[in-house]
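Down below is the structure, laid out as structure tokens.
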Amino acid sequence: MRLAFLFSIFIFQNSFSQEKSTPKLVVGIVVDQMCYDYLYRYLERYGEGGIKRLMNQGTNCRTTMYNYVPTYTGPGHASIYTGTTPENHGIVGNEWYDRLTKKEVNCVQDDKVQTVGAVSLEGKCAPTRLKVMTITDQLKMTYPNAKVISMSIKNRGAILPGGHLSDGTYWFDYTSGDFITSTFYMQTLPSWVSNFNKQDYPQKFLKETWNTLYDIKTYTASGKDDSPYEHLLPGKTTPTFPYNLKEMSKDSNNFDLFTTTPFADNFLTDFALGAIKNESLGRDNQTDFLAISYSTPDIIGHEFGPQSIEIEDTYLRLDKDIERLLNALDTQVGKGKYMLFITADHAVVPVPQLLVDQKLPGGYVYLDLPLKQLKQKLITKFGFNYIKDQTNLNIYLNDSLLSAQGADKNAIAEFIKQDIASWKGVKRACTSQELQSSALNDFWIEKIKRGFNKTESGDVIFMLESGYLPKYAPTATSGRGTSHGSGYSYDSHVPLIWFGANIPKKDVFRDVEIIDIVPTLAHIMNLSFPSAVTGKPIVEVLGK
């Protein structure tokens with residue numbers, strides 16, 4: 001009996017210890033513009049040690065959706081890391097019209113801080129427009145000794161995941177080709193970052209040629225190489241392989257061209273490996289956090305579209321970068337001692353011109369003429385054009401003019417809404433007054449509401465029909481390239497895979513929302529929820 005009693009105490013203590021254990025390192029990977037089907041379209045071509053390893057050994061949440069509009073990079077990263085939607089965290093777009101300064105602002109723009117690591121203005125950024133706490137903020141608030149490092153090519157892809165309290169948030173400077181930060185975080189770069197920058201990797205890559213990783217004839221999951229739906233990169237007469245960067249750039253500092261190749265993913269992975277080593281991430285008993293956002297798939301995707309060989313090759317190469325990252329984590333942190341998740345900030349619509357040519361729903365809504373006509377209608381009916389700005393399908397009214405004329409703002413907004421609703425290609429239009437009402441009972445308007453913030457968003461918001469993109473006027477290249485931002489499945493259905501310490505092997509087919517990531521992470525790290533979480537834990541990831 002005594003032996004049985006002692007054995008039961010041992011089992012209880014061991015179970016309690018297991019319940020309280022947390023990973024030494026949590027790694028969050030966001031792939032900018034990754035469609036869900038990329039997991040399966042290219043599955044047979046992935047190696048065993050990268051994306052396929054995550055899928056074979058982790059928890060794959062196969063119906064993960066964005067539950068709001070708009071699906072852009074800024075709102076996506078903010079929602080992934082705060083566990084709530086733009087109506088709460090305030091990042092309603094990559095940019096929006098700021099009523100106080102009367103100009104458009106970037107979601108991470110902060111003119112009060114200075115660049116650290118270069119002489120450019122690209123470091124004048126900080127998370128000051130993010131209205132709530134991130135999971136990385138919660139980790140630092142709870143355990144000040146925890147390290148949080150965040151990085152991306154794009155400033156917003158690094159800044160929003162890193163939150164307000166990170167130990168190092170770094171993004172790419174298109175002027176110098178270096179990783180930089182701002183005085184919001186520190187006054188000088190750590191020596192390891194400075195030494196990394198001295199290697200001049202982008203300049204070296206710009207002397208290389210981007211060719212397909214394998215024989216181009218094997219890229220059967222994509223369309224033809226010479227496609228009329230793809231943009232031409234500078235120095236090219238056709239959108240085809242190979243891309244001889246040295247010939248195309250004529251200049252070793254053409255960093256826009258550099259980030260439009262998978263070499264920028266290699267560069268970011270090298271930087272992440274440097275952070276793991278030099279910041280000693282996951283080396284003690286306190287959980288650390290590494291946030292990585294791969295921006296290049298989005299940059300390439302906008303230019304070439306999801307049916308391109310360029311995108312397929314980008315993901316085959318990204319798979320190898322993820323394998324390199326996993327191998328380093330296995331060696332330096334230890335198998336089973338780290339936890340990783342991978343997801344996307346949004347997906348993308350097929351090139352609308354391709355949809356048109358294949359007789360599928362879609363196309364373009366050219367806004368220049370209907371907006372011009374709407375402004376004239378406002379003058380005719382109300383005496384003035386009260387529209388101040390149009391950004392991301394948000395119409396901002398001129399509050400100063402409205403006040404000076406004593407005009408009825410709600411009546412003018414309603415007039416604008418009704419006119420826009422009649423435009424060809426518009427699915428829904430609504431006013432800010434309607435979005436602040438609790439009784440909407442419309443699936444699409446509810447999505448708009450969750451992406452609406454009364455301070456940053458417009459006075460009238462509209463969304464287009466499925467397959468359509470907004471443009472201002474037709475041009476010679478209107479039918480090339482693509483974008484995102486809608487609430488439709490092609491933009492909102494994204495991958496979400498969990499892997500590593502205590503993560504079970506399973507597929508989850510029930511609906512999961514992107515805002516469910518943070519409450520799940522909070523349980524994995526034994527943290528309180530950050531300030532404005534509206535998501536729910538994914539119990540299957542927690543072994544339930």
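In the structure tokens, chains take the letters A, B, ... in the order shown, each chain's residues start at 1, and ligands count up from 1 in the order shown.
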Report the closest atom pair, with its distance in Å rounded to one decimal, for each residue of segment 50-161 of chain A that has an atom no farther than 12 Å from segment 524-530 of chain A; count only C-alpha atoms, sort by chain and then rising residue number, and write it as a Markdown table.
| residue | atom | partner | partner_atom | distance |
| --- | --- | --- | --- | --- |
| A:Ser79 | CA | A:Pro530 | CA | 11.9 |
| A:Tyr81 | CA | A:Pro530 | CA | 9.4 |
| A:Thr82 | CA | A:Pro530 | CA | 6.8 |
| A:Gly83 | CA | A:Pro530 | CA | 7.8 |
| A:Thr84 | CA | A:Pro530 | CA | 9.6 |
| A:His89 | CA | A:Pro530 | CA | 11.4 |
| A:Lys131 | CA | A:Pro530 | CA | 11.8 |
| A:Val132 | CA | A:Pro530 | CA | 8.0 |
| A:Met133 | CA | A:Pro530 | CA | 5.6 |
| A:Thr134 | CA | A:Pro530 | CA | 6.1 |
| A:Ile135 | CA | A:Pro530 | CA | 5.8 |
| A:Thr136 | CA | A:Pro530 | CA | 8.9 |
| A:Asp137 | CA | A:Pro530 | CA | 7.7 |
| A:Gln138 | CA | A:Pro530 | CA | 5.7 |
| A:Leu139 | CA | A:Leu527 | CA | 7.0 |
| A:Lys140 | CA | A:Leu527 | CA | 10.4 |
| A:Met141 | CA | A:Pro530 | CA | 9.9 |
| A:Thr142 | CA | A:Leu527 | CA | 7.5 |
| A:Tyr143 | CA | A:Leu527 | CA | 9.5 |
| A:Ala146 | CA | A:Met525 | CA | 11.4 |
Taking the chain letters and numbering used in this document, name the residues of segment 214-456 of chain A that DSSP puts in strand (DSSP E), as a PyMOL selection string.
chain A and resi 243-244+288-294+338-344+363-366+387-391+394-397+426-431
Any chance you could list, as an MDAnalysis selection string, the residues in segment 234-415 of chain A that come up alpha helix (DSSP H) when DSSP is run on the backbone?
chainID A and resid 245:249 255:258 263:278 296:304 309:329 352:357 368:382 399:405 409:415
So the first atom is atom CA of Pro519 of chain A and the second is atom CA of Thr455 of chain A; what is the distance between them in Å, to one decimal place?
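Going from atom CA of Pro519 of chain A over to atom CA of Thr455 of chain A, I get 26.3 Å.
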Write out as number ranges by chain which residues come within 8 Å of Glu456 of chain A when counting only C-alpha atoms, dropping same-chain ones fewer than 2 positions away.
A: 90, 92, 96-99, 452-454, 458
Same residues, C-alpha atoms, saved as a compact mmCIF listing (two decimals), in the first residue's frame:
# COMPACT_ATOMS: atom_id res chain seq x y z
CA GLY A 90 -7.41 49.69 -34.68
CA VAL A 92 -7.94 48.88 -40.29
CA TRP A 96 -5.84 55.00 -43.97
CA TYR A 97 -6.90 58.65 -43.95
CA ASP A 98 -6.05 60.29 -40.64
CA ARG A 99 -8.66 62.88 -39.69
CA PHE A 452 -14.34 48.81 -38.77
CA ASN A 453 -12.98 51.23 -36.17
CA LYS A 454 -14.87 54.47 -35.72
CA GLY A 458 -14.35 55.86 -43.28
Figure out the distance between atom CA of Gln376 of chain A and atom CA of Ser432 of chain A, please, to one decimal in Å.
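These atoms are spaced 22.3 Å apart.
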Among listed residues A:Leu165, A:Cys61, A:Met339, A:Leu213, nearest Tyr36 of chain A (using only C-alpha atoms)
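Using only C-alpha atoms, the shortest distance to Tyr36 of chain A belongs to A:Cys61.
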Contact residues around His231 of chain A with only C-alpha atoms at 12 Å, ignoring same-chain residues under 6 positions, as a ChimeraX atom specification:
/A:225,237-240,260,299-305,308,310,351,476-482
Among the residues A:Asn254, A:Ser249, A:Ser438, A:Thr212, the one that comes closest to Leu316 of chain A [using only C-alpha atoms]:
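Once distances to Leu316 of chain A are computed over only C-alpha atoms, the minimum belongs to A:Thr212.
Between atom CA of Gly235 of chain A and atom CA of Met248 of chain A the interatomic distance comes to 4.5 Å.
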Would you mind listing what lies within 7 Å of His77 of chain A as a ChimeraX atom specification, with only C-alpha atoms counted and same-chain residues fewer than 3 positions away left out?
/A:73-74,80-81,157,160-161,345
Pick out the residues sitting within 9 Å of Tyr68 of chain A, and hand them over as a compact mmCIF listing (two decimals) with N, CA and C atoms, in the first residue's frame; count only C-alpha atoms, and ignore anything fewer than 3 positions along from it in its own chain.
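The resulting file, around.txt, is reproduced below:
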# COMPACT_ATOMS: atom_id res chain seq x y z
N THR A 71 -8.84 42.22 -45.65
CA THR A 71 -7.76 41.25 -45.48
C THR A 71 -6.47 41.79 -46.11
N THR A 85 -10.05 41.62 -33.67
CA THR A 85 -10.22 42.15 -35.02
C THR A 85 -9.97 43.67 -35.05
N PRO A 86 -9.91 44.26 -36.25
CA PRO A 86 -9.58 45.69 -36.34
C PRO A 86 -10.51 46.62 -35.57
N TRP A 444 -22.15 39.62 -44.56
CA TRP A 444 -21.08 40.44 -45.13
C TRP A 444 -20.92 41.75 -44.37
N GLU A 446 -21.56 42.15 -41.25
CA GLU A 446 -20.91 41.79 -39.98
C GLU A 446 -19.40 41.70 -40.16
N LYS A 447 -18.96 41.16 -41.30
CA LYS A 447 -17.52 41.11 -41.56
C LYS A 447 -16.94 42.51 -41.67
N ILE A 448 -17.65 43.39 -42.34
CA ILE A 448 -17.20 44.77 -42.45
C ILE A 448 -17.14 45.42 -41.07
N LYS A 449 -18.14 45.14 -40.24
CA LYS A 449 -18.19 45.73 -38.91
C LYS A 449 -16.98 45.32 -38.07
N ARG A 450 -16.60 44.04 -38.14
CA ARG A 450 -15.45 43.59 -37.35
C ARG A 450 -14.14 44.21 -37.84
N GLY A 451 -14.13 44.69 -39.09
CA GLY A 451 -12.94 45.37 -39.61
C GLY A 451 -13.02 46.88 -39.51
N PHE A 452 -14.08 47.37 -38.85
CA PHE A 452 -14.34 48.81 -38.77
C PHE A 452 -13.94 49.36 -37.40
N SER A 486 -10.55 41.34 -49.71
CA SER A 486 -11.97 41.06 -49.55
C SER A 486 -12.22 40.09 -48.40
N GLY A 487 -13.50 39.78 -48.19
CA GLY A 487 -13.89 38.78 -47.20
C GLY A 487 -14.19 37.43 -47.81
N SER A 492 -9.59 34.91 -47.52
CA SER A 492 -9.69 34.73 -46.08
C SER A 492 -9.39 33.32 -45.58
Counting only C-alpha atoms, figure out which residue out of A:Glu122, A:Asp226, A:Thr475, A:Lys381 gets nearest to Ala411 of chain A.
A:Lys381
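Take the candidates A:Ser194, A:Ser489, A:Thr343, A:Gln436 and check each one against Asn60 of chain A using only C-alpha atoms; the shortest distance goes to A:Thr343.
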